[in-house]
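Engineer: Just entry-v9.tsv, nothing more (TSV, C-alpha atoms and all ligand atoms):
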chain	number	residue	atom	x	y	z
V	124	MET	CA	96.97	47.52	135.51
V	125	LYS	CA	98.12	50.63	133.77
V	126	LYS	CA	98.71	48.65	130.60
V	127	VAL	CA	95.10	47.46	130.66
V	128	PHE	CA	93.83	51.00	130.87
V	129	LEU	CA	96.20	52.13	128.15
V	130	GLY	CA	94.88	49.32	125.99
V	131	MET	CA	91.31	50.38	126.64
V	132	ALA	CA	92.17	53.96	125.78
V	133	ALA	CA	93.78	52.85	122.52
V	134	LEU	CA	90.69	50.78	121.63
V	135	ALA	CA	88.39	53.68	122.41
V	136	PHE	CA	90.54	55.91	120.27
V	137	LEU	CA	90.47	53.47	117.34
V	138	PHE	CA	86.69	53.16	117.64
V	139	ALA	CA	86.29	56.93	117.65
V	140	SER	CA	88.67	57.23	114.71
V	141	CYS	CA	86.46	54.98	112.54
V	142	GLU	CA	83.60	57.43	112.84
V	143	GLN	CA	85.67	60.38	111.76
V	144	ASP	CA	86.39	61.61	108.27
V	145	PRO	CA	89.76	59.95	107.60
V	146	ASN	CA	90.99	63.11	105.89
V	147	GLN	CA	90.18	65.22	108.88
V	148	GLU	CA	93.16	66.13	111.02
V	149	ILE	CA	93.00	65.27	114.69
V	150	THR	CA	92.73	68.48	116.61
V	151	SER	CA	94.48	69.08	119.90
V	152	GLU	CA	91.10	68.99	121.62
V	153	GLN	CA	90.49	65.51	120.29
V	154	GLN	CA	93.94	64.50	121.48
V	155	GLU	CA	93.04	65.73	124.94
V	156	ALA	CA	89.88	63.66	124.80
V	157	GLN	CA	92.08	60.56	124.60
V	158	VAL	CA	93.11	61.03	128.21
V	159	ASP	CA	91.88	57.97	130.06
V	160	MET	CA	90.15	58.81	133.34
V	161	SER	CA	88.65	55.37	133.93
V	162	ASP	CA	90.79	54.62	136.98
V	163	PHE	CA	90.24	57.98	138.68
V	164	TYR	CA	88.77	57.96	142.17
V	165	LEU	CA	88.35	60.46	144.98
V	166	TYR	CA	86.39	58.84	147.81
V	167	THR	CA	88.34	56.17	149.65
V	168	ASP	CA	87.28	53.56	152.17
V	169	SER	CA	88.64	54.45	155.59
V	170	SER	CA	89.11	50.77	156.41
V	171	ASP	CA	91.83	50.68	153.75
V	172	GLU	CA	93.92	53.11	155.75
V	173	LYS	CA	95.19	50.34	158.00
V	174	ARG	CA	96.64	46.94	157.29
V	175	SER	CA	96.05	45.78	160.82
V	176	ASP	CA	94.11	47.04	163.82
V	177	ASN	CA	97.20	47.88	165.84
V	178	ALA	CA	98.71	50.00	163.08
V	179	ALA	CA	98.42	53.71	163.63
V	180	GLU	CA	96.68	56.05	161.25
V	181	LYS	CA	99.30	58.72	160.67
V	182	CYS	CA	97.74	61.01	158.11
V	183	TYR	CA	94.14	62.18	157.87
V	184	SER	CA	94.31	63.68	154.36
V	185	MET	CA	92.14	61.12	152.55
V	186	LYS	CA	89.41	61.16	155.23
V	187	ASN	CA	89.58	64.93	155.16
V	188	LEU	CA	89.04	64.72	151.40
V	189	ASN	CA	85.98	62.49	151.92
V	190	ARG	CA	84.57	65.14	154.27
V	191	LEU	CA	85.29	68.00	151.86
V	192	LEU	CA	83.65	66.10	148.99
V	193	ASN	CA	80.51	65.70	151.10
V	194	GLU	CA	80.46	69.36	152.08
V	195	ASN	CA	81.28	70.89	148.67
V	196	LYS	CA	79.00	69.81	145.83
V	197	GLY	CA	81.27	71.05	143.04
V	198	LEU	CA	84.52	69.67	144.41
V	199	HIS	CA	84.34	66.27	142.73
V	200	GLU	CA	84.03	67.81	139.27
V	201	LYS	CA	86.74	70.36	140.03
V	202	MET	CA	89.22	67.71	141.13
V	203	TYR	CA	88.27	65.50	138.17
V	204	ASN	CA	89.14	68.38	135.85
V	205	ILE	CA	92.43	69.02	137.67
V	206	GLU	CA	93.32	65.37	137.19
V	207	LYS	CA	92.31	65.48	133.54
V	208	ASN	CA	94.52	68.53	133.00
V	209	THR	CA	97.45	66.78	134.70
V	210	ARG	CA	97.02	63.69	132.54
V	211	SER	CA	96.61	65.79	129.40
V	212	ILE	CA	99.90	67.59	130.09
V	213	LEU	CA	101.67	64.31	130.81
V	214	ALA	CA	100.20	62.67	127.70
V	215	LYS	CA	101.34	65.55	125.49
V	216	SER	CA	104.80	65.31	126.98
V	217	GLU	CA	104.81	61.61	126.23
V	218	ASN	CA	103.65	62.24	122.65
V	219	ALA	CA	106.36	64.85	122.17
V	220	LYS	CA	108.90	62.22	123.13
V	221	GLY	CA	107.46	59.78	120.59
V	222	GLY	CA	105.63	57.67	123.14
V	223	LYS	CA	102.20	56.15	122.81
V	224	PRO	CA	99.15	58.42	122.78
V	225	GLY	CA	96.97	58.45	125.82
V	226	GLY	CA	99.01	58.40	128.95
V	227	GLY	CA	96.23	56.90	131.02
V	228	GLY	CA	96.36	57.01	134.76
V	229	GLY	CA	99.94	56.00	135.19
V	230	GLY	CA	101.75	59.27	134.82
V	231	THR	CA	104.79	59.21	132.62
V	232	GLU	CA	108.44	58.35	132.41
V	233	PRO	CA	110.68	60.12	131.59
V	234	PRO	CA	109.12	63.09	133.37
V	235	VAL	CA	107.34	66.02	131.87
V	236	THR	CA	109.65	68.72	130.60
V	237	ASP	CA	108.82	72.28	131.52
V	238	ASN	CA	110.46	75.67	131.59
V	239	LEU	CA	109.35	76.63	135.07
V	240	GLY	CA	112.76	76.17	136.64
V	241	VAL	CA	112.82	75.88	140.40
V	242	VAL	CA	109.37	76.77	141.75
V	243	ASN	CA	109.68	78.61	145.04
V	244	ILE	CA	106.84	78.34	147.55
V	245	PRO	CA	106.56	81.03	150.26
V	246	VAL	CA	105.45	79.50	153.55
V	247	VAL	CA	103.47	81.08	156.37
V	248	VAL	CA	103.57	79.10	159.61
V	249	HIS	CA	100.74	79.62	162.12
V	250	VAL	CA	101.83	78.35	165.52
V	251	VAL	CA	98.70	77.75	167.63
V	252	TYR	CA	99.59	76.71	171.16
V	253	SER	CA	97.90	75.93	174.46
V	254	ASN	CA	101.14	75.56	176.41
V	255	ALA	CA	104.76	76.74	176.22
V	256	GLN	CA	105.98	73.48	174.71
V	257	GLN	CA	103.64	73.80	171.73
V	258	ASN	CA	104.85	77.37	171.14
V	259	ILE	CA	107.74	75.95	169.15
V	260	SER	CA	110.91	77.97	168.58
V	261	ASP	CA	111.93	79.78	165.41
V	262	GLN	CA	114.83	77.34	165.34
V	263	GLN	CA	112.41	74.40	165.18
V	264	ILE	CA	110.43	76.09	162.40
V	265	ASN	CA	113.60	76.80	160.41
V	266	SER	CA	114.68	73.17	160.81
V	267	GLN	CA	111.43	72.14	159.10
V	268	ILE	CA	111.94	74.54	156.19
V	269	ASP	CA	115.46	73.09	155.78
V	270	VAL	CA	114.03	69.55	155.60
V	271	LEU	CA	111.43	70.57	152.99
V	272	ASN	CA	114.16	72.14	150.85
V	273	ALA	CA	116.43	69.12	151.16
V	274	ASP	CA	113.69	66.55	150.51
V	275	PHE	CA	112.09	68.30	147.52
V	276	ARG	CA	115.53	68.96	145.95
V	277	ALA	CA	116.84	65.42	146.69
V	278	SER	CA	119.72	66.92	148.63
V	279	ASN	CA	118.73	65.09	151.83
V	280	ASN	CA	121.73	63.36	153.36
V	281	ASP	CA	119.99	59.94	153.44
V	282	VAL	CA	119.20	59.93	149.70
V	283	ASN	CA	122.11	57.52	149.20
V	284	SER	CA	120.24	54.87	151.21
V	285	ILE	CA	117.94	54.19	148.24
V	286	PRO	CA	118.24	50.57	147.03
V	287	SER	CA	119.70	50.19	143.55
V	288	GLU	CA	116.31	48.94	142.29
V	289	PHE	CA	114.93	52.47	142.77
V	290	ALA	CA	118.12	54.53	142.41
V	291	ASN	CA	117.15	55.74	138.94
V	292	ASP	CA	113.68	56.77	140.10
V	293	VAL	CA	114.74	59.38	142.67
V	294	ALA	CA	113.82	62.93	141.65
V	295	ASP	CA	114.93	66.44	142.39
V	296	SER	CA	111.44	67.95	142.26
V	297	GLU	CA	112.85	71.44	141.68
V	298	ILE	CA	110.50	72.89	144.28
V	299	SER	CA	111.89	75.07	147.07
V	300	PHE	CA	110.44	76.73	150.17
V	301	THR	CA	111.04	80.11	151.79
V	302	LEU	CA	109.72	81.03	155.22
V	303	ALA	CA	107.66	84.19	154.69
V	304	ALA	CA	106.19	84.73	158.14
V	305	VAL	CA	105.49	83.13	161.49
V	306	ASN	CA	102.25	83.95	163.29
V	307	ARG	CA	101.83	82.90	166.91
V	308	TYR	CA	98.48	82.45	168.63
V	309	SER	CA	97.79	81.43	172.19
V	310	ASN	CA	94.56	79.44	172.48
V	311	SER	CA	93.20	77.29	175.29
V	312	THR	CA	92.11	74.55	172.87
V	313	SER	CA	94.38	71.60	173.62
V	314	GLN	CA	93.29	69.35	170.71
V	315	TRP	CA	92.02	70.75	167.41
V	316	GLY	CA	90.88	67.55	165.73
V	317	THR	CA	90.65	67.19	161.96
V	318	ASN	CA	87.64	69.33	161.01
V	319	ASP	CA	89.62	72.48	160.09
V	320	ALA	CA	88.48	74.36	163.21
V	321	VAL	CA	91.98	75.80	163.57
V	322	LYS	CA	91.78	77.24	160.04
V	323	ALA	CA	88.39	78.81	160.75
V	324	GLN	CA	89.87	80.49	163.82
V	325	TYR	CA	93.09	81.57	162.06
V	326	PRO	CA	92.37	81.86	158.30
V	327	PRO	CA	95.06	81.25	155.67
V	328	VAL	CA	97.15	84.13	154.34
V	329	ASN	CA	97.09	84.56	150.51
V	330	PRO	CA	96.50	80.85	149.83
V	331	SER	CA	96.82	81.25	146.04
V	332	THR	CA	100.45	82.37	146.40
V	333	THR	CA	101.43	81.02	149.82
V	334	LEU	CA	101.57	77.64	151.52
V	335	ASN	CA	99.89	77.95	154.92
V	336	ILE	CA	100.99	75.52	157.62
V	337	TRP	CA	99.15	75.40	160.95
V	338	VAL	CA	101.30	73.88	163.67
V	339	ALA	CA	98.64	72.88	166.17
V	340	ASN	CA	97.99	69.82	168.29
V	341	ILE	CA	95.57	67.61	166.33
V	342	GLY	CA	95.19	64.76	168.82
V	343	GLY	CA	94.04	61.18	168.25
V	344	GLY	CA	97.50	60.07	167.14
V	345	ILE	CA	97.20	61.94	163.85
V	346	LEU	CA	100.52	63.48	162.76
V	347	GLY	CA	99.06	65.77	160.13
V	348	TYR	CA	96.66	66.30	157.25
V	349	ALA	CA	96.67	68.27	154.03
V	350	GLN	CA	94.11	69.63	151.59
V	351	PHE	CA	94.52	68.54	147.97
V	352	PRO	CA	94.55	71.13	145.15
V	353	GLY	CA	91.02	72.17	144.21
V	354	GLY	CA	89.65	72.39	147.73
V	355	PRO	CA	88.23	75.58	149.26
V	356	ALA	CA	90.71	78.48	149.46
V	357	SER	CA	89.55	79.22	153.00
V	358	THR	CA	90.99	75.91	154.23
V	359	ASP	CA	93.91	75.48	151.82
V	360	GLY	CA	97.13	74.26	153.42
V	361	VAL	CA	98.54	71.75	155.87
V	362	VAL	CA	98.02	71.06	159.59
V	363	ILE	CA	100.78	69.33	161.58
V	364	SER	CA	101.03	68.58	165.30
V	365	PRO	CA	103.97	70.45	166.86
V	366	GLN	CA	105.86	67.38	168.05
V	367	TYR	CA	106.12	66.10	164.44
V	368	PHE	CA	107.29	69.40	162.94
V	369	GLY	CA	110.99	70.01	162.33
V	370	THR	CA	114.00	68.20	163.72
V	371	THR	CA	114.87	70.04	166.93
V	372	GLY	CA	113.13	71.30	170.05
V	373	TYR	CA	109.73	69.78	170.91
V	374	VAL	CA	109.90	66.74	168.61
V	375	SER	CA	108.94	63.12	169.16
V	376	ALA	CA	110.68	60.05	167.71
V	377	PRO	CA	110.28	58.27	165.36
V	378	PHE	CA	108.65	61.20	163.58
V	379	ASP	CA	111.31	63.75	164.48
V	380	ARG	CA	113.00	64.29	161.14
V	381	GLY	CA	110.48	66.61	159.52
V	382	ARG	CA	109.09	64.05	157.10
V	383	THR	CA	105.47	64.55	158.19
V	384	ALA	CA	105.59	67.97	156.52
V	385	THR	CA	107.31	66.51	153.45
V	386	HIS	CA	104.49	63.93	153.20
V	387	GLU	CA	101.68	66.44	153.77
V	388	VAL	CA	103.12	68.99	151.34
V	389	GLY	CA	103.26	66.10	148.86
V	390	HIS	CA	99.45	65.81	149.22
V	391	TYR	CA	99.13	69.60	148.97
V	392	LEU	CA	100.94	69.26	145.61
V	393	ASN	CA	98.47	66.52	144.54
V	394	LEU	CA	100.35	63.33	145.40
V	395	ARG	CA	98.36	60.33	146.62
V	396	HIS	CA	99.58	57.72	149.09
V	397	ILE	CA	102.04	55.30	147.57
V	398	TRP	CA	99.57	52.37	147.88
V	399	GLY	CA	96.72	54.31	146.25
V	400	ASP	CA	94.48	54.01	149.34
V	401	GLY	CA	93.12	50.73	148.08
V	402	ARG	CA	94.26	47.22	147.29
V	403	CYS	CA	96.66	46.15	144.55
V	404	ARG	CA	94.43	47.26	141.70
V	405	GLN	CA	94.02	50.83	143.00
V	406	ASP	CA	96.79	53.14	141.86
V	407	ASP	CA	98.42	56.37	143.00
V	408	PHE	CA	98.38	57.62	139.36
V	409	VAL	CA	102.18	57.45	139.18
V	410	ALA	CA	103.90	54.95	136.87
V	411	ASP	CA	107.21	54.45	138.64
V	412	THR	CA	105.84	53.78	142.13
V	413	PRO	CA	105.05	50.03	142.34
V	414	ASP	CA	101.53	48.92	143.28
V	415	SER	CA	100.95	48.05	146.92
V	416	ASP	CA	97.96	46.87	148.91
V	417	GLY	CA	98.37	49.10	151.95
V	418	PRO	CA	100.69	51.35	153.94
V	419	ASN	CA	104.00	50.20	155.41
V	420	TYR	CA	104.96	51.14	158.96
V	421	GLY	CA	108.12	51.34	161.02
V	422	CYS	CA	111.31	50.70	159.14
V	423	PRO	CA	110.64	47.83	156.71
V	424	SER	CA	113.42	45.58	155.53
V	425	TYR	CA	114.24	45.59	151.83
V	426	PRO	CA	112.76	44.09	149.79
V	427	THR	CA	109.18	44.28	151.07
V	428	VAL	CA	107.05	42.62	148.40
V	429	ASN	CA	103.32	43.19	147.91
V	430	CYS	CA	101.20	42.91	144.76
V	431	ARG	CA	104.06	40.98	143.11
V	432	SER	CA	106.44	43.93	143.20
V	433	THR	CA	108.80	45.56	145.68
V	434	ASP	CA	107.11	48.31	147.67
V	435	MET	CA	108.83	51.69	147.52
V	436	THR	CA	108.68	51.85	151.33
V	437	MET	CA	111.30	54.61	151.34
V	438	ASN	CA	108.96	56.95	149.47
V	439	TYR	CA	107.76	60.00	151.41
V	440	MET	CA	104.15	59.08	150.56
V	441	ASP	CA	104.24	55.81	152.51
V	442	TYR	CA	103.64	55.60	156.31
V	443	THR	CA	107.14	54.52	157.35
V	444	ASN	CA	109.24	56.19	160.07
V	445	ASP	CA	110.91	59.49	159.24
V	446	ALA	CA	114.35	57.87	159.20
V	447	CYS	CA	113.16	55.28	156.67
V	448	MET	CA	111.63	57.52	153.99
V	449	TYR	CA	113.92	59.52	151.72
V	450	MET	CA	112.66	59.91	148.16
V	451	PHE	CA	110.10	61.23	145.71
V	452	SER	CA	110.08	59.52	142.31
V	453	GLU	CA	110.39	61.07	138.84
V	454	GLY	CA	106.74	60.21	138.20
V	455	GLN	CA	105.70	62.01	141.38
V	456	LYS	CA	107.79	65.01	140.36
V	457	ALA	CA	106.06	65.14	136.97
V	458	ARG	CA	102.66	64.92	138.62
V	459	MET	CA	103.45	67.67	141.13
V	460	ARG	CA	104.82	70.06	138.52
V	461	THR	CA	101.73	69.88	136.30
V	462	ILE	CA	99.73	71.75	138.95
V	463	PHE	CA	101.90	74.83	138.33
V	464	MET	CA	101.41	74.61	134.56
V	465	ASP	CA	98.67	75.95	132.26
V	466	GLY	CA	95.22	75.06	133.55
V	467	GLY	CA	96.69	73.80	136.83
V	468	PRO	CA	95.31	74.70	140.26
V	469	ARG	CA	98.45	76.29	141.71
V	470	THR	CA	99.67	78.55	138.90
V	471	GLY	CA	99.63	81.46	141.40
V	472	PHE	CA	103.08	80.36	142.55
V	473	VAL	CA	104.68	80.88	139.13
V	474	ASN	CA	102.76	83.81	137.61
G	501	ZN	ZN	99.05	61.11	153.79
Mind turning the file's structure into structure tokens?
Ligand SMILES: [Zn+2]

Structural biologist:
Amino acid sequence: MKKVFLGMAALAFLFASCEQDPNQEITSEQQEAQVDMSDFYLYTDSSDEKRSDNAAEKCYSMKNLNRLLNENKGLHEKMYNIEKNTRSILAKSENAKGGKPGGGGGGTEPPVTDNLGVVNIPVVVHVVYSNAQQNISDQQINSQIDVLNADFRASNNDVNSIPSEFANDVADSEISFTLAAVNRYSNSTSQWGTNDAVKAQYPPVNPSTTLNIWVANIGGGILGYAQFPGGPASTDGVVISPQYFGTTGYVSAPFDRGRTATHEVGHYLNLRHIWGDGRCRQDDFVADTPDSDGPNYGCPSYPTVNCRSTDMTMNYMDYTNDACMYMFSEGQKARMRTIFMDGGPRTGFVN
């Protein structure tokens, strides 16, 4: 699929070239215009979230995005431009390495090079509880920060479980997390739902320089949801139900290893679900994550084949159990890091 789009981009480029003065040098702006956005999408069909009726919907991020797009007229254009900037950075990186022009929707391999070093993200955790159990301990919160640091630096102790087919794809994302503050709020609301009511009640702290995480009971079987880059500052961050946060204390198997936060922070850093929230032909905009037609659940056996390729079921952006997801890919790393670079939506963390 990516090759088709690349081919279309190359054709479009050739066509455009014919109309130009052949002696005229191609400017960097024209090079940016080669970025192929033809496969970009924002709205997704909620029926694609499940492969079967008895499969649980774990993450509400894409439906939350649908809602935000409806409520914010300029959001579609803003997110389109964020994507275009990401693809432009990746395409330039590819060109610098002698690759083909364009870059299309597939991201790039090898990953973008940058001089950002390890990007540290300060985290404020808002614990909103209606009973003592939900008022999770500092120890539980710290266990979650530890998981985020391990997973985003590929120092998680299950990283060696990756099948050899994907062993070369695993990435140290060079993103770290530091707990900046914990705010605790008692509130009689027992289920907050997915409409950001908890954020309205307890607004984010410095969202341009801080990751805000609300640990509050969502209800409806939803583990968590995130807001993608570009959304309103007043609701920027991640919401996770307390029993799926961290690895100790009030946690509930099989989502008791802190991977819900890893997954949701992945969205917060602009990663899509591994199956692209559509069928085989809809992509997650990352080249080294194989196409899939839907989420995987539980702990799938290897290899699980869909769309004529092996699903990367052990990727954090699938829906598998915490114990069965243990990697981000190099392409996902490249995609995440562009949002901290020039023109990106989260440069506040590095400037
Ligand atoms: Zn998700």

Engineer: Which is closer to V:Gly381 than all the others in V:Gln267, V:Ala410, V:Gln366, V:Ala356, using all atoms listed in the file?

Structural biologist: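 Nearest to V:Gly381: V:Gln267.
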
Engineer: Would you mind listing what lies within 9 Å of V:Tyr325 as a list of chain:residue names, with all atoms listed in the file counted and same-chain residues fewer than 4 positions away left out?

Structural biologist: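 Neighbouring residues, sequence-local ones excluded: V:His249, V:Val251, V:Tyr308, V:Ala320, V:Val321, V:Trp337.
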
Engineer: For ligand ZN 501 (chain G), which residue out of V:Gly399, V:Gly454, V:Pro423, V:Pro413 is the nearest one, using only C-alpha atoms and all ligand atoms?

Structural biologist: V:Gly399

Engineer: Hey, which residues sit close to ligand ZN 501 (chain G)? Say within 10 Å, counting only C-alpha atoms and all ligand atoms, and write them as an mmCIF file with C-alpha atoms, keeping the file's coordinate frame.

Structural biologist:
data_model
loop_
_atom_site.group_PDB
_atom_site.id
_atom_site.type_symbol
_atom_site.label_atom_id
_atom_site.label_comp_id
_atom_site.auth_asym_id
_atom_site.auth_seq_id
_atom_site.Cartn_x
_atom_site.Cartn_y
_atom_site.Cartn_z
ATOM 1 C CA GLU V 172 93.920 53.110 155.750
ATOM 2 C CA GLU V 180 96.680 56.050 161.250
ATOM 3 C CA LYS V 181 99.300 58.720 160.670
ATOM 4 C CA CYS V 182 97.740 61.010 158.110
ATOM 5 C CA TYR V 183 94.140 62.180 157.870
ATOM 6 C CA SER V 184 94.310 63.680 154.360
ATOM 7 C CA MET V 185 92.140 61.120 152.550
ATOM 8 C CA LYS V 186 89.410 61.160 155.230
ATOM 9 C CA LEU V 346 100.520 63.480 162.760
ATOM 10 C CA GLY V 347 99.060 65.770 160.130
ATOM 11 C CA TYR V 348 96.660 66.300 157.250
ATOM 12 C CA ALA V 349 96.670 68.270 154.030
ATOM 13 C CA THR V 383 105.470 64.550 158.190
ATOM 14 C CA ALA V 384 105.590 67.970 156.520
ATOM 15 C CA THR V 385 107.310 66.510 153.450
ATOM 16 C CA HIS V 386 104.490 63.930 153.200
ATOM 17 C CA GLU V 387 101.680 66.440 153.770
ATOM 18 C CA VAL V 388 103.120 68.990 151.340
ATOM 19 C CA GLY V 389 103.260 66.100 148.860
ATOM 20 C CA HIS V 390 99.450 65.810 149.220
ATOM 21 C CA TYR V 391 99.130 69.600 148.970
ATOM 22 C CA LEU V 394 100.350 63.330 145.400
ATOM 23 C CA ARG V 395 98.360 60.330 146.620
ATOM 24 C CA HIS V 396 99.580 57.720 149.090
ATOM 25 C CA ILE V 397 102.040 55.300 147.570
ATOM 26 C CA ASP V 400 94.480 54.010 149.340
ATOM 27 C CA PRO V 418 100.690 51.350 153.940
ATOM 28 C CA TYR V 439 107.760 60.000 151.410
ATOM 29 C CA MET V 440 104.150 59.080 150.560
ATOM 30 C CA ASP V 441 104.240 55.810 152.510
ATOM 31 C CA TYR V 442 103.640 55.600 156.310
#

Engineer: Would you compute the distance between atom CA of V:Gly466 and atom CA of V:Asn208? Give it in Å to one decimal.

Structural biologist: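 For atom CA of V:Gly466 relative to atom CA of V:Asn208, the distance reads 6.6 Å.
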
Engineer: Could you tell me which of V:Tyr252, V:Trp398, V:Phe408, V:Phe378 comes closest to V:Asp159 if we count all atoms listed in the file?

Structural biologist: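 Selected residue with least distance to V:Asp159: V:Phe408.
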
Engineer: Got a sec: who's within 8 Å of V:Asn444, counting all atoms listed in the file, leaving out chain neighbours fewer than 2 positions off, as a PyMOL selection string?

Structural biologist: chain V and resi 377-378+420-422+442+446-448

Engineer: Here is a test: counting all atoms listed in the file, which residue of V:Leu302, V:Leu192, V:Val293, V:Leu213 is nearest to V:Gln262?

Structural biologist: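 The closest residue to V:Gln262 is V:Leu302.
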
Engineer: Could you give me, as CSV, a per-residue list for stretch 221-303 of chain V showing, wherever an atom lies at most 10 Å from an atom of stretch 369-373 of chain V, the closest pair of atoms and their distance in Å to one decimal, using all atoms listed in the file and sorting by chain then residue number from low to high?

Structural biologist:
residue,atom,partner,partner_atom,distance
V:Gln256,CA,V:Tyr373,CA,6.5
V:Gln257,CA,V:Tyr373,CA,7.3
V:Asn258,CA,V:Tyr373,CA,9.0
V:Ile259,CA,V:Tyr373,CA,6.7
V:Ser260,CA,V:Gly372,CA,7.2
V:Asp261,CA,V:Gly372,CA,9.7
V:Gln262,CA,V:Thr371,CA,7.5
V:Gln263,CA,V:Thr371,CA,5.3
V:Ile264,CA,V:Gly369,CA,6.1
V:Asn265,CA,V:Gly369,CA,7.5
V:Ser266,CA,V:Gly369,CA,5.1
V:Gln267,CA,V:Gly369,CA,3.9
V:Ile268,CA,V:Gly369,CA,7.7
V:Asp269,CA,V:Gly369,CA,8.5
V:Val270,CA,V:Gly369,CA,7.4
V:Leu271,CA,V:Gly369,CA,9.4

Engineer: Just want the 12 Å neighbourhood of V:Arg190, counted on only C-alpha atoms, with same-chain residues fewer than 4 positions away dropped. Output as an mmCIF file with C-alpha atoms, in the coordinates of the input.

Structural biologist:
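Below you can see around.cif, which holds the result:
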data_model
loop_
_atom_site.group_PDB
_atom_site.id
_atom_site.type_symbol
_atom_site.label_atom_id
_atom_site.label_comp_id
_atom_site.auth_asym_id
_atom_site.auth_seq_id
_atom_site.Cartn_x
_atom_site.Cartn_y
_atom_site.Cartn_z
ATOM 1 C CA LEU V 165 88.350 60.460 144.980
ATOM 2 C CA TYR V 166 86.390 58.840 147.810
ATOM 3 C CA THR V 167 88.340 56.170 149.650
ATOM 4 C CA SER V 169 88.640 54.450 155.590
ATOM 5 C CA TYR V 183 94.140 62.180 157.870
ATOM 6 C CA SER V 184 94.310 63.680 154.360
ATOM 7 C CA MET V 185 92.140 61.120 152.550
ATOM 8 C CA LYS V 186 89.410 61.160 155.230
ATOM 9 C CA GLU V 194 80.460 69.360 152.080
ATOM 10 C CA ASN V 195 81.280 70.890 148.670
ATOM 11 C CA LYS V 196 79.000 69.810 145.830
ATOM 12 C CA LEU V 198 84.520 69.670 144.410
ATOM 13 C CA HIS V 199 84.340 66.270 142.730
ATOM 14 C CA THR V 317 90.650 67.190 161.960
ATOM 15 C CA ASN V 318 87.640 69.330 161.010
ATOM 16 C CA ASP V 319 89.620 72.480 160.090
ATOM 17 C CA GLN V 350 94.110 69.630 151.590
ATOM 18 C CA GLY V 354 89.650 72.390 147.730
#

Engineer: Check the smallest atom-to-atom distance from each of V:Val242, V:Val250, V:Val374, V:Ala214 to V:Val158 using all atoms listed in the file, then report the winner.

Structural biologist: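 Ranked by minimum distance to V:Val158, first place goes to V:Ala214.
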
Engineer: Go ahead and compute the interatomic distance for atom CA of V:Ser357 and atom CA of V:Gly343, in Å to one decimal.

Structural biologist: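 Calculated distance between atom CA of V:Ser357 and atom CA of V:Gly343 is 24.0 Å.
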
Engineer: For atom CA of V:Ser299 and atom CA of V:Met435, quote the distance in Å rounded to one decimal.

Structural biologist: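 Atom CA of V:Met435 lies 23.6 Å from atom CA of V:Ser299.
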
Engineer: May I ask which of the residues V:Tyr425, V:Phe275, V:Phe351, V:Phe289 is the closest one to V:Lys456, counting only C-alpha atoms?

Structural biologist: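 Going through V:Tyr425, V:Phe275, V:Phe351, V:Phe289 one by one, the smallest distance to V:Lys456 is for V:Phe275.
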